[in-house]
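J.: My structure file model.tsv, TSV, C-alpha atoms, is below:
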chain	number	residue	atom	x	y	z
G	24	SER	CA	1.78	-65.26	35.49
G	25	ALA	CA	-0.59	-65.21	32.51
G	26	ALA	CA	-0.25	-68.99	32.37
G	27	THR	CA	-2.08	-69.41	35.69
G	28	GLY	CA	-3.77	-66.04	36.20
G	29	TYR	CA	-2.20	-65.84	39.67
G	30	PHE	CA	0.02	-63.26	41.36
G	31	TYR	CA	3.15	-64.53	43.12
G	32	VAL	CA	4.21	-62.55	46.17
G	33	GLY	CA	7.55	-62.90	47.99
G	34	ILE	CA	7.88	-61.89	51.66
G	35	GLN	CA	11.20	-60.62	52.95
G	36	ASP	CA	10.82	-61.35	56.65
G	37	SER	CA	9.31	-64.85	56.43
G	38	SER	CA	10.89	-66.03	53.16
G	39	TYR	CA	7.46	-67.29	52.10
G	40	LEU	CA	6.14	-67.27	48.55
G	41	HIS	CA	2.35	-66.70	48.41
G	42	VAL	CA	0.28	-67.42	45.30
G	43	VAL	CA	-2.88	-65.32	45.28
G	44	THR	CA	-5.85	-64.13	43.24
G	45	LEU	CA	-7.30	-60.63	43.38
G	46	SER	CA	-10.78	-61.66	44.54
G	47	GLY	CA	-9.82	-61.93	48.21
G	48	ALA	CA	-6.09	-62.78	48.40
G	49	VAL	CA	-6.88	-66.46	48.79
G	50	ASP	CA	-3.71	-68.59	49.00
G	51	VAL	CA	-4.01	-71.21	46.23
G	52	SER	CA	-0.46	-72.55	46.21
G	53	THR	CA	0.53	-76.06	47.20
G	54	VAL	CA	3.44	-74.69	49.22
G	55	ALA	CA	2.90	-75.05	52.97
G	56	THR	CA	2.27	-71.47	53.96
G	57	PRO	CA	0.51	-69.68	56.80
G	58	ALA	CA	-3.16	-68.91	56.24
G	59	PRO	CA	-3.54	-65.78	54.09
G	60	THR	CA	-4.91	-62.63	55.56
G	61	THR	CA	-8.33	-61.36	54.49
G	62	ALA	CA	-6.89	-58.24	52.87
G	63	VAL	CA	-6.84	-57.94	49.11
G	64	LEU	CA	-3.79	-56.84	47.20
G	65	PRO	CA	-3.71	-53.04	47.10
G	66	VAL	CA	-3.91	-51.43	43.68
G	67	PRO	CA	-1.72	-48.32	43.40
G	68	ALA	CA	-3.44	-45.06	42.61
G	69	PRO	CA	-2.69	-43.30	39.31
G	70	THR	CA	0.40	-41.11	39.35
G	71	LYS	CA	-1.62	-37.91	39.26
G	72	ALA	CA	-4.94	-39.05	40.60
G	73	PRO	CA	-7.34	-36.19	41.08
G	74	THR	CA	-9.88	-36.67	43.78
G	75	GLY	CA	-11.17	-39.44	41.58
G	76	ALA	CA	-12.30	-42.94	41.92
G	77	VAL	CA	-12.18	-46.35	40.55
G	78	VAL	CA	-13.25	-49.47	42.32
G	79	PRO	CA	-11.51	-52.61	41.16
G	80	VAL	CA	-14.09	-55.33	41.56
G	81	PRO	CA	-12.04	-58.27	40.31
G	82	ALA	CA	-13.76	-61.17	38.63
G	83	PRO	CA	-13.61	-64.41	40.61
G	84	THR	CA	-11.36	-67.23	39.42
G	85	GLU	CA	-13.93	-70.01	39.39
G	86	ALA	CA	-17.48	-69.20	40.36
G	87	PRO	CA	-19.70	-72.13	41.38
G	88	THR	CA	-22.00	-73.33	38.63
G	89	LYS	CA	-25.08	-73.21	40.85
G	90	ALA	CA	-24.61	-70.98	43.84
G	91	PRO	CA	-27.38	-71.24	46.46
G	92	SER	CA	-29.88	-68.40	46.27
G	93	ALA	CA	-28.70	-66.46	49.32
G	94	ALA	CA	-25.07	-67.56	49.24
G	95	ALA	CA	-23.32	-65.69	46.45
G	96	ALA	CA	-19.59	-65.74	47.14
G	97	PRO	CA	-18.52	-62.49	48.83
G	98	GLY	CA	-15.79	-60.58	47.03
G	99	SER	CA	-13.40	-57.85	48.15
G	100	ALA	CA	-13.02	-54.39	46.62
G	101	VAL	CA	-10.27	-51.79	46.94
G	102	GLU	CA	-10.83	-48.14	46.10
G	103	VAL	CA	-8.11	-46.62	43.95
G	104	PHE	CA	-9.42	-43.05	43.96
G	105	ASN	CA	-12.68	-41.09	43.78
G	106	VAL	CA	-13.89	-37.88	42.20
G	107	LYS	CA	-16.82	-35.60	42.95
G	108	LEU	CA	-18.93	-35.11	39.83
G	109	GLY	CA	-20.75	-31.96	38.83
G	110	LYS	CA	-24.15	-33.70	38.94
G	111	SER	CA	-25.65	-36.91	40.28
G	112	PRO	CA	-24.79	-39.86	37.97
G	113	SER	CA	-27.64	-42.08	36.80
G	114	GLY	CA	-25.91	-44.02	34.00
G	115	MET	CA	-22.37	-44.62	32.80
G	116	TYR	CA	-20.50	-46.22	29.92
G	117	TYR	CA	-16.80	-46.53	29.16
G	118	TYR	CA	-16.36	-45.96	25.43
G	119	PRO	CA	-13.12	-47.72	24.41
G	120	ALA	CA	-12.94	-46.06	20.98
G	121	GLN	CA	-12.27	-42.75	22.73
G	122	GLY	CA	-10.96	-43.93	26.10
G	123	LEU	CA	-13.63	-41.82	27.79
G	124	LEU	CA	-16.24	-42.34	30.48
G	125	TYR	CA	-19.66	-41.08	29.45
G	126	VAL	CA	-21.65	-40.24	32.58
G	127	LEU	CA	-25.40	-39.69	32.21
G	128	CYS	CA	-27.10	-37.44	34.77
G	129	GLY	CA	-30.89	-37.40	35.04
G	130	THR	CA	-31.14	-34.80	37.76
G	131	ALA	CA	-34.80	-33.79	37.32
G	132	THR	CA	-37.88	-35.40	35.80
G	133	ASN	CA	-39.13	-34.00	32.47
G	134	SER	CA	-36.32	-31.45	32.39
G	135	ASP	CA	-32.92	-31.00	30.74
G	136	HIS	CA	-30.63	-34.01	31.08
G	137	TYR	CA	-26.84	-34.13	30.97
G	138	LEU	CA	-24.15	-36.41	29.54
G	139	TYR	CA	-20.57	-35.79	30.64
G	140	ALA	CA	-17.41	-37.06	28.97
G	141	TYR	CA	-14.64	-37.73	31.51
G	142	SER	CA	-11.12	-39.06	31.15
G	143	LEU	CA	-10.27	-42.22	33.07
G	144	ALA	CA	-8.42	-40.01	35.56
G	145	GLY	CA	-11.63	-38.11	36.30
G	146	ALA	CA	-11.00	-34.94	34.27
G	147	GLN	CA	-14.07	-33.47	32.58
G	148	GLN	CA	-13.68	-33.20	28.79
G	149	CYS	CA	-17.16	-32.16	27.66
G	150	LEU	CA	-20.68	-31.53	28.96
G	151	ILE	CA	-23.59	-32.45	26.68
G	152	THR	CA	-27.01	-31.00	27.47
G	153	ILE	CA	-30.03	-32.95	26.21
G	154	PRO	CA	-32.81	-30.32	26.19
G	155	GLN	CA	-36.20	-30.89	27.81
G	156	ALA	CA	-37.76	-30.48	24.35
G	157	VAL	CA	-36.28	-33.83	23.28
G	158	GLY	CA	-38.94	-35.41	25.50
G	159	MET	CA	-37.07	-37.82	27.79
G	160	SER	CA	-38.47	-38.04	31.30
G	161	ARG	CA	-35.83	-39.52	33.65
G	162	VAL	CA	-32.67	-40.85	31.99
G	163	ASP	CA	-31.09	-43.77	33.85
G	164	GLY	CA	-28.75	-45.76	31.61
G	165	PHE	CA	-26.46	-45.23	28.61
G	166	THR	CA	-24.40	-47.27	26.16
G	167	ILE	CA	-22.88	-46.99	22.67
G	168	ASN	CA	-22.63	-49.79	20.12
G	169	ALA	CA	-19.27	-51.19	18.96
G	170	ALA	CA	-19.38	-49.40	15.61
G	171	GLY	CA	-19.93	-46.05	17.30
G	172	THR	CA	-23.05	-45.33	15.24
G	173	LYS	CA	-25.83	-45.89	17.77
G	174	ALA	CA	-26.41	-45.01	21.43
G	175	TYR	CA	-29.08	-46.25	23.81
G	176	ILE	CA	-30.65	-44.38	26.72
G	177	ALA	CA	-32.83	-45.94	29.43
G	178	ASP	CA	-35.76	-43.86	30.72
G	179	SER	CA	-37.06	-44.94	34.13
G	180	GLN	CA	-40.19	-42.78	34.03
G	181	GLY	CA	-40.93	-42.49	30.31
G	182	PRO	CA	-44.15	-44.58	30.33
G	183	ILE	CA	-45.52	-42.58	33.27
G	184	TYR	CA	-45.52	-39.41	31.16
G	185	ALA	CA	-46.43	-40.95	27.80
G	186	SER	CA	-49.20	-38.41	27.20
G	187	THR	CA	-46.83	-35.43	27.26
G	188	MET	CA	-43.31	-36.81	26.66
G	189	LEU	CA	-41.71	-39.51	24.48
G	190	GLY	CA	-43.03	-42.22	26.79
G	191	GLY	CA	-40.32	-44.82	26.13
G	192	SER	CA	-38.30	-47.15	28.32
G	193	ILE	CA	-35.38	-47.48	25.88
G	194	TYR	CA	-34.42	-45.04	23.14
G	195	GLU	CA	-32.15	-45.96	20.25
G	196	LEU	CA	-30.33	-42.87	18.96
G	197	VAL	CA	-27.98	-41.94	16.17
G	198	TRP	CA	-24.62	-41.43	17.88
G	199	ASP	CA	-22.97	-38.56	16.06
G	200	ASN	CA	-20.19	-37.84	18.58
G	201	PRO	CA	-21.63	-34.45	19.63
G	202	CYS	CA	-18.46	-33.23	21.37
G	203	GLY	CA	-16.18	-34.23	18.49
G	204	CYS	CA	-14.03	-36.45	20.72
G	205	THR	CA	-11.07	-38.34	19.24
G	206	ALA	CA	-9.46	-41.72	19.77
G	207	GLU	CA	-6.93	-39.94	21.99
G	208	GLY	CA	-9.72	-38.83	24.34
G	209	THR	CA	-9.61	-35.13	23.48
G	210	CYS	CA	-12.77	-33.29	22.46
G	211	ALA	CA	-13.27	-30.42	20.04
G	212	SER	CA	-15.98	-28.90	22.24
G	213	THR	CA	-16.21	-28.59	26.01
G	214	ALA	CA	-19.96	-27.92	26.13
G	215	VAL	CA	-22.69	-28.62	23.58
G	216	SER	CA	-26.46	-28.91	23.33
G	217	TRP	CA	-27.52	-32.15	21.67
G	218	THR	CA	-30.87	-33.00	20.10
G	219	PRO	CA	-30.36	-36.62	19.09
G	220	THR	CA	-32.16	-38.39	16.25
G	221	ILE	CA	-34.26	-41.17	17.80
G	222	THR	CA	-34.53	-44.23	15.54
G	223	ASN	CA	-36.40	-46.65	17.82
G	224	THR	CA	-38.41	-46.51	21.04
G	225	ILE	CA	-39.17	-49.54	23.21
G	226	VAL	CA	-41.85	-49.38	25.89
G	227	LEU	CA	-41.71	-51.88	28.76
G	228	ASP	CA	-44.85	-52.57	30.79
G	229	ALA	CA	-44.64	-54.02	34.31
G	230	LEU	CA	-48.10	-55.54	33.81
G	231	ASP	CA	-47.11	-57.39	30.63
G	232	PRO	CA	-47.51	-61.12	31.44
G	233	ALA	CA	-43.96	-61.64	30.19
G	234	ILE	CA	-42.71	-59.27	32.93
G	235	SER	CA	-45.26	-59.24	35.80
G	236	ASP	CA	-43.31	-56.88	38.06
G	237	GLY	CA	-44.47	-54.62	40.87
G	238	GLY	CA	-46.52	-57.01	43.02
G	239	GLY	CA	-49.65	-54.95	42.41
G	240	ALA	CA	-48.07	-51.95	44.15
G	241	ASP	CA	-46.15	-50.44	41.23
G	242	ASP	CA	-47.69	-50.60	37.75
G	243	TYR	CA	-44.66	-49.12	35.98
G	244	TYR	CA	-41.48	-50.77	34.73
G	245	ARG	CA	-38.79	-48.29	35.80
G	246	ASN	CA	-35.98	-49.09	33.37
G	247	SER	CA	-32.67	-48.18	34.97
G	248	GLY	CA	-30.12	-49.89	32.73
G	249	ALA	CA	-29.05	-50.39	29.13
G	250	LEU	CA	-26.47	-53.01	28.18
G	251	LEU	CA	-26.14	-54.46	24.70
G	252	THR	CA	-25.60	-58.18	24.23
G	253	ALA	CA	-22.39	-59.23	22.51
G	254	ASP	CA	-24.18	-59.69	19.18
G	255	GLU	CA	-26.03	-56.35	19.64
G	256	LEU	CA	-29.34	-57.97	18.70
G	257	SER	CA	-30.72	-57.59	22.22
G	258	ILE	CA	-30.35	-55.30	25.20
G	259	PHE	CA	-30.38	-56.00	28.94
G	260	SER	CA	-32.59	-53.86	31.15
G	261	VAL	CA	-33.35	-53.64	34.90
G	262	ASP	CA	-36.52	-52.55	36.71
G	263	GLY	CA	-35.44	-50.26	39.55
G	264	VAL	CA	-37.24	-50.05	42.89
G	265	HIS	CA	-39.26	-46.90	43.55
G	266	PRO	CA	-40.40	-46.08	47.12
G	267	ILE	CA	-44.08	-46.98	47.52
G	268	SER	CA	-45.62	-45.26	50.56
G	269	GLY	CA	-42.11	-45.09	51.98
G	270	SER	CA	-41.41	-48.80	51.41
G	271	LEU	CA	-38.50	-50.08	49.33
G	272	SER	CA	-39.83	-53.64	49.25
G	273	ALA	CA	-43.58	-53.30	48.56
G	274	SER	CA	-43.12	-53.50	44.78
G	275	TYR	CA	-41.29	-56.84	44.52
G	276	PRO	CA	-40.64	-58.69	42.30
G	277	LYS	CA	-38.34	-56.61	40.13
G	278	SER	CA	-36.74	-58.04	37.03
G	279	LEU	CA	-33.63	-58.03	34.90
G	280	LEU	CA	-34.71	-58.53	31.29
G	281	LYS	CA	-33.15	-59.42	27.97
G	282	ILE	CA	-35.08	-57.50	25.30
G	283	SER	CA	-35.13	-57.98	21.54
G	284	LEU	CA	-34.12	-54.81	19.71
G	285	ALA	CA	-36.09	-55.95	16.67
G	286	ASP	CA	-39.53	-55.93	18.27
G	287	GLY	CA	-39.13	-55.06	21.97
G	288	SER	CA	-40.23	-58.52	23.12
G	289	VAL	CA	-38.96	-60.12	26.32
G	290	GLU	CA	-36.48	-62.88	25.46
G	291	GLN	CA	-35.53	-63.77	29.04
G	292	ARG	CA	-36.49	-62.67	32.54
G	293	TRP	CA	-34.75	-63.01	35.90
G	294	ALA	CA	-37.08	-61.93	38.77
G	295	TYR	CA	-35.74	-60.80	42.14
G	296	ASP	CA	-37.04	-60.00	45.61
G	297	ALA	CA	-35.53	-59.92	49.11
G	298	ALA	CA	-35.57	-63.72	49.39
G	299	THR	CA	-33.58	-64.34	46.22
G	300	LEU	CA	-30.21	-63.22	47.58
G	301	GLY	CA	-31.03	-63.07	51.28
G	302	HIS	CA	-31.32	-59.27	51.43
G	303	ASP	CA	-33.21	-56.40	49.78
G	304	VAL	CA	-32.30	-55.62	46.19
G	305	ASP	CA	-32.63	-52.62	43.88
G	306	PHE	CA	-30.86	-53.23	40.58
G	307	GLU	CA	-29.98	-49.92	38.93
G	308	ALA	CA	-26.95	-50.39	36.66
G	309	LEU	CA	-25.49	-52.90	34.19
G	310	THR	CA	-22.08	-53.45	32.59
G	311	CYS	CA	-19.92	-56.08	30.99
G	312	GLY	CA	-16.69	-56.96	32.78
G	313	PRO	CA	-13.32	-58.47	31.87
G	314	ASP	CA	-14.89	-61.16	29.64
G	315	ALA	CA	-16.95	-58.61	27.61
G	316	CYS	CA	-20.20	-60.39	28.56
G	317	ALA	CA	-19.08	-63.71	27.06
G	318	GLU	CA	-20.25	-65.42	30.26
G	319	PHE	CA	-20.97	-62.77	32.90
G	320	LEU	CA	-22.55	-59.38	33.30
G	321	TYR	CA	-22.29	-57.14	36.38
G	322	ILE	CA	-25.13	-55.41	38.21
G	323	GLY	CA	-25.00	-52.30	40.39
G	324	ASP	CA	-27.51	-52.22	43.28
G	325	GLU	CA	-28.60	-49.10	45.18
G	326	TRP	CA	-28.05	-50.98	48.43
G	327	ASN	CA	-24.39	-50.61	47.37
G	328	TYR	CA	-23.76	-54.12	46.11
G	329	VAL	CA	-22.17	-55.15	42.83
G	330	TYR	CA	-23.10	-58.61	41.56
G	331	GLN	CA	-21.56	-60.92	39.01
G	332	MET	CA	-24.28	-62.76	37.08
G	333	ARG	CA	-23.86	-65.80	34.85
G	334	ILE	CA	-25.90	-64.97	31.74
G	335	SER	CA	-26.54	-68.58	30.76
G	336	GLU	CA	-28.12	-69.47	34.13
G	337	ALA	CA	-31.91	-69.18	34.06
G	338	ASP	CA	-32.47	-69.49	37.81
G	339	PRO	CA	-32.25	-65.94	39.28
G	340	GLY	CA	-30.62	-66.94	42.57
G	341	ALA	CA	-28.12	-69.35	41.06
G	342	ALA	CA	-27.24	-66.82	38.36
G	343	ILE	CA	-25.65	-64.47	40.94
G	344	VAL	CA	-22.34	-66.18	41.60
G	345	GLN	CA	-20.48	-63.42	43.42
G	346	GLU	CA	-21.35	-60.17	45.20
G	347	TRP	CA	-19.32	-57.27	46.51
G	348	ASN	CA	-20.61	-55.03	49.30
G	349	LEU	CA	-19.18	-51.56	48.61
G	350	SER	CA	-20.85	-49.81	51.56
G	351	THR	CA	-17.55	-49.10	53.32
G	352	ILE	CA	-16.18	-47.42	50.20
G	353	VAL	CA	-19.39	-45.59	49.29
G	354	ASP	CA	-19.89	-44.26	52.84
G	355	SER	CA	-16.29	-43.07	53.24
G	356	THR	CA	-16.58	-39.69	51.48
G	357	SER	CA	-17.44	-36.32	52.98
G	358	SER	CA	-21.10	-37.11	52.22
G	359	GLY	CA	-21.13	-39.75	54.97
G	360	THR	CA	-23.53	-42.67	55.07
G	361	ILE	CA	-25.52	-43.00	51.84
G	362	SER	CA	-29.29	-43.58	51.96
G	363	ASN	CA	-30.41	-47.10	51.04
G	364	ASP	CA	-32.35	-45.90	48.00
G	365	LYS	CA	-29.69	-43.46	46.77
G	366	GLY	CA	-26.56	-45.56	46.42
G	367	ILE	CA	-25.03	-47.19	43.33
G	368	GLU	CA	-26.88	-45.85	40.30
G	369	SER	CA	-24.33	-46.37	37.53
G	370	LEU	CA	-21.58	-48.84	36.74
G	371	THR	CA	-19.09	-49.52	33.95
G	372	PHE	CA	-15.81	-51.35	33.35
G	373	SER	CA	-12.68	-50.35	31.45
G	374	ALA	CA	-10.41	-53.03	30.01
G	375	ALA	CA	-7.77	-50.29	29.64
G	376	THR	CA	-7.37	-50.05	33.42
G	377	GLY	CA	-9.01	-53.25	34.66
G	378	TYR	CA	-11.17	-51.15	36.97
G	379	PHE	CA	-14.88	-50.89	37.59
G	380	TYR	CA	-16.27	-47.34	37.83
G	381	VAL	CA	-19.20	-46.84	40.20
G	382	GLY	CA	-21.45	-43.74	40.35
G	383	ILE	CA	-23.36	-42.86	43.52
G	384	GLN	CA	-26.66	-41.00	43.37
G	385	ASP	CA	-26.73	-39.40	46.83
G	386	SER	CA	-23.12	-38.17	46.99
G	387	SER	CA	-22.46	-37.54	43.26
G	388	TYR	CA	-19.16	-39.36	43.68
G	389	LEU	CA	-17.52	-41.57	41.10
G	390	HIS	CA	-15.52	-44.40	42.72
Please render this file's structure as structure tokens.
T.:
Amino acid sequence: SAATGYFYVGIQDSSYLHVVTLSGAVDVSTVATPAPTTAVLPVPAPTKAPTGAVVPVPAPTEAPTKAPSAAAAPGSAVEVFNVKLGKSPSGMYYYPAQGLLYVLCGTATNSDHYLYAYSLAGAQQCLITIPQAVGMSRVDGFTINAAGTKAYIADSQGPIYASTMLGGSIYELVWDNPCGCTAEGTCASTAVSWTPTITNTIVLDALDPAISDGGGADDYYRNSGALLTADELSIFSVDGVHPISGSLSASYPKSLLKISLADGSVEQRWAYDAATLGHDVDFEALTCGPDACAEFLYIGDEWNYVYQMRISEADPGAAIVQEWNLSTIVDSTSSGTISNDKGIESLTFSAATGYFYVGIQDSSYLH
């Protein structure tokens, strides 16, 4: 029922009617019914699903206004299908104007980078090569503006190689639809080389007093996400964790930032460490969800969590109102258990399917 947002489920054997949400099959009806099970409602796979994947991470019905720091409400996720990608995904964006998933793959530092166009069923439509000569160091996030005229790429190691490469953390590009893809999701080319026109470069510095990341152990802001605000005047960014002498926690705090596109200044900062949510964190991916970032954004974490964050909440711990642990899904492929620092690297949402799409660094799977 669209009037309530609930699903109504009738049971043959018991004659019970259950009223449920999709965030954990919680029984919310006033009818006296047995306690609901902990299973979520299964989502049927596409009719001709390739070995592909989509993880529905449903938005909660009512998230608490101020969740305690280490007590974000746990959510449930069901895998619909998964697909093995040609390369390891480091960024992802669902482009509604074409109905395509654009999957960014930064497979080697200071080398060629790759941007795939996939259908929502996991079929490759085009492969875009961004040559080494363009000057990007390690691409880690991708998005396109609503008008389809600009794209943004996050570079997690740009500032490290500023003397020889572009040296940026965020690049604004002219989006000229290099594969010639249409609104129907078909592309004129299946493989192209693309040298984009860069119109703006933003450099983020971990030692900037407005950021103050790294704890003295990591002097670089390793931008791993790019998500435009609804008004497209700012962009969200995340500082990913890099192993320091084998440690994944020596460089805390790490921040999620809101950055002005006009001058690159920090408009808002949410700082995180292991104490904030009660476990280690490594934010690597950003996306809007069902509300198109009107209230929430979603974060992908390499420890294989997805978080729902309330944008208007300034307190970092309280801002995370729900989390989903996808380890069971991520570890279920032929690749086995995924390393803690090589899990969820990319994340996007499609309103066309209602699914979240999650890219895994270590296995190269899209769930």
J.: Nearest residue to Ser99 (chain G) out of G:Lys365, G:Asp36, G:Thr44, G:Glu307, using all atoms listed in the file?
T.: G:Thr44
J.: Determine the nearest neighbour of Ser357 (chain G) from the options G:Thr152, G:Ser387, G:Thr222, G:Ser270, counting all atoms listed in the file.
T.: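 Looking only at the distances to Ser357 (chain G), the closest residue turns out to be G:Ser387.
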J.: As a list in words, please: the residues near Lys277 (chain G) (cut-off 8 Å, only C-alpha atoms, same-chain neighbours under 2 positions excluded).
T.: Asp236, Gly237, Val261, Asp262, Gly263, Val264, Ser274, Tyr275, Leu279, Ala294, Tyr295, Asp296 and Asp305 of chain G
J.: Which is closest to Phe379 (chain G) among G:Gly366, G:Gly28, G:Gly312, G:Gly359, if we use only C-alpha atoms?
T.: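 Of G:Gly366, G:Gly28, G:Gly312, G:Gly359, the one nearest Phe379 (chain G), counting only C-alpha atoms, is G:Gly312.
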J.: Counting all atoms listed in the file, find residues at most 10 Å from (-37.5, -64.8, 33.0) (file frame) and give them as a PDB file with C-alpha atoms, in the frame of the given file.
T.:
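Resulting contents of out_23.pdb:
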ATOM      1  CA  ALA G 233     -43.960 -61.640  30.190  1.00  0.00           C
ATOM      2  CA  ILE G 234     -42.710 -59.270  32.930  1.00  0.00           C
ATOM      3  CA  SER G 235     -45.260 -59.240  35.800  1.00  0.00           C
ATOM      4  CA  SER G 278     -36.740 -58.040  37.030  1.00  0.00           C
ATOM      5  CA  LEU G 279     -33.630 -58.030  34.900  1.00  0.00           C
ATOM      6  CA  LEU G 280     -34.710 -58.530  31.290  1.00  0.00           C
ATOM      7  CA  LYS G 281     -33.150 -59.420  27.970  1.00  0.00           C
ATOM      8  CA  VAL G 289     -38.960 -60.120  26.320  1.00  0.00           C
ATOM      9  CA  GLU G 290     -36.480 -62.880  25.460  1.00  0.00           C
ATOM     10  CA  GLN G 291     -35.530 -63.770  29.040  1.00  0.00           C
ATOM     11  CA  ARG G 292     -36.490 -62.670  32.540  1.00  0.00           C
ATOM     12  CA  TRP G 293     -34.750 -63.010  35.900  1.00  0.00           C
ATOM     13  CA  ALA G 294     -37.080 -61.930  38.770  1.00  0.00           C
ATOM     14  CA  ALA G 337     -31.910 -69.180  34.060  1.00  0.00           C
ATOM     15  CA  ASP G 338     -32.470 -69.490  37.810  1.00  0.00           C
ATOM     16  CA  PRO G 339     -32.250 -65.940  39.280  1.00  0.00           C
TER      17      PRO G 339
END
J.: Could you state the separation of CA of Gln121 (chain G) and CA of Ala375 (chain G) in Å, given to one decimal place?
T.: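 Computing the Euclidean distance for CA of Gln121 (chain G) and CA of Ala375 (chain G) yields 11.2 Å.
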J.: I'd like the interatomic distance between CA of Asp354 (chain G) and CA of Asp178 (chain G), to a tenth of an Å.
T.: 27.2 Å
J.: Could you tell me how far CA of Asp314 (chain G) lies from CA of Lys173 (chain G), in Å and to one decimal?
T.: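 Spanning CA of Asp314 (chain G) to CA of Lys173 (chain G) is a straight-line distance of 22.2 Å.
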J.: Which residue, G:Ala25, G:Val353, G:Ala249, G:Ala315, has the smallest gap to Asn105 (chain G) when you use only C-alpha atoms?
T.: G:Val353
J.: Applying 6 Å and only C-alpha atoms, which residues near Leu389 (chain G) remain after dropping the ones on its own chain fewer than 6 positions away? List them as a compact mmCIF listing (two decimals) with C-alpha atoms, keeping the file's coordinate frame.
T.:
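Done, and the output landed in around.txt:
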# COMPACT_ATOMS: atom_id res chain seq x y z
CA ALA G 76 -12.30 -42.94 41.92
CA ASN G 105 -12.68 -41.09 43.78
CA VAL G 106 -13.89 -37.88 42.20
CA VAL G 381 -19.20 -46.84 40.20
CA GLY G 382 -21.45 -43.74 40.35
J.: List as a count of residues only the residues having at least one atom at most 10 Å from position (-50.3, -49.5, 40.9) as given in the file, counting all atoms listed in the file.
T.: 11
J.: Env of Ala95 (chain G): 10 Å cut, atoms = all atoms listed in the file, seq-sep filter 6 positions within chain, self excluded. Answer as a list of chain:residue names.
T.: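 Final neighbour list, sorted by chain and number: G:Ala86, G:Pro87, G:Lys89, G:Leu300, G:Gly301, G:Tyr330, G:Gln331, G:Met332, G:Gly340, G:Ala341, G:Ala342, G:Ile343, G:Val344, G:Gln345, G:Glu346, G:Trp347.
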J.: Now that the selection is made, can you save its residues with C-alpha atoms as a CSV table (one decimal), keeping the file's coordinate frame?
T.:
chain,number,residue,atom,x,y,z
G,86,ALA,CA,-17.5,-69.2,40.4
G,87,PRO,CA,-19.7,-72.1,41.4
G,89,LYS,CA,-25.1,-73.2,40.8
G,300,LEU,CA,-30.2,-63.2,47.6
G,301,GLY,CA,-31.0,-63.1,51.3
G,330,TYR,CA,-23.1,-58.6,41.6
G,331,GLN,CA,-21.6,-60.9,39.0
G,332,MET,CA,-24.3,-62.8,37.1
G,340,GLY,CA,-30.6,-66.9,42.6
G,341,ALA,CA,-28.1,-69.4,41.1
G,342,ALA,CA,-27.2,-66.8,38.4
G,343,ILE,CA,-25.6,-64.5,40.9
G,344,VAL,CA,-22.3,-66.2,41.6
G,345,GLN,CA,-20.5,-63.4,43.4
G,346,GLU,CA,-21.4,-60.2,45.2
G,347,TRP,CA,-19.3,-57.3,46.5
J.: For Ser247 (chain G), please output as a PyMOL selection string all residues within 12 Å (counting all atoms listed in the file; exclusion window: fewer than 6 positions along the same chain).
T.: chain G and resi 112-115+127+129+161-165+175-181+192-193+227+259-265+277-280+305-309+322-325+367-370
J.: Just checking: using all atoms listed in the file, which residue out of G:Ala298, G:Leu271, G:Cys128, G:Ile183 ends up closest to Arg245 (chain G)?
T.: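 Closest candidate: G:Ile183.
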J.: Rank nothing, just name the residue among G:Ile221, G:Leu108, G:Leu196, G:Leu284 nearest to Asp385 (chain G), using all atoms listed in the file.
T.: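 Closest to Asp385 (chain G) of all the choices is G:Leu108.
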J.: Per residue of region 218-306 of chain G within 12 Å of region 316-319 of chain G, which atom pair is closest and at what distance in Å (one decimal), using only C-alpha atoms, listed by chain and increasing number, as CSV?
T.:
residue,atom,partner,partner_atom,distance
G:Leu250,CA,G:Cys316,CA,9.7
G:Leu251,CA,G:Cys316,CA,9.2
G:Thr252,CA,G:Cys316,CA,7.3
G:Ala253,CA,G:Cys316,CA,6.5
G:Asp254,CA,G:Ala317,CA,10.2
G:Glu255,CA,G:Cys316,CA,11.4
G:Ile258,CA,G:Cys316,CA,11.8
G:Phe259,CA,G:Cys316,CA,11.1
J.: Would you pick out the contacts of Gln147 (chain G) at 12 Å or less, using only C-alpha atoms, so that residues sharing its chain but fewer than 3 positions from it are not included, and give the list as a list of chain:residue names?
T.: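 Once the nearby chain positions are removed, what remains is G:Pro73, G:Gly75, G:Val106, G:Lys107, G:Leu108, G:Gly109, G:Lys110, G:Leu123, G:Leu124, G:Tyr125, G:Val126, G:Leu138, G:Tyr139, G:Ala140, G:Tyr141, G:Ser142, G:Leu143, G:Ala144, G:Leu150, G:Ile151, G:Gly208, G:Thr209, G:Cys210, G:Ser212, G:Thr213, G:Ala214.
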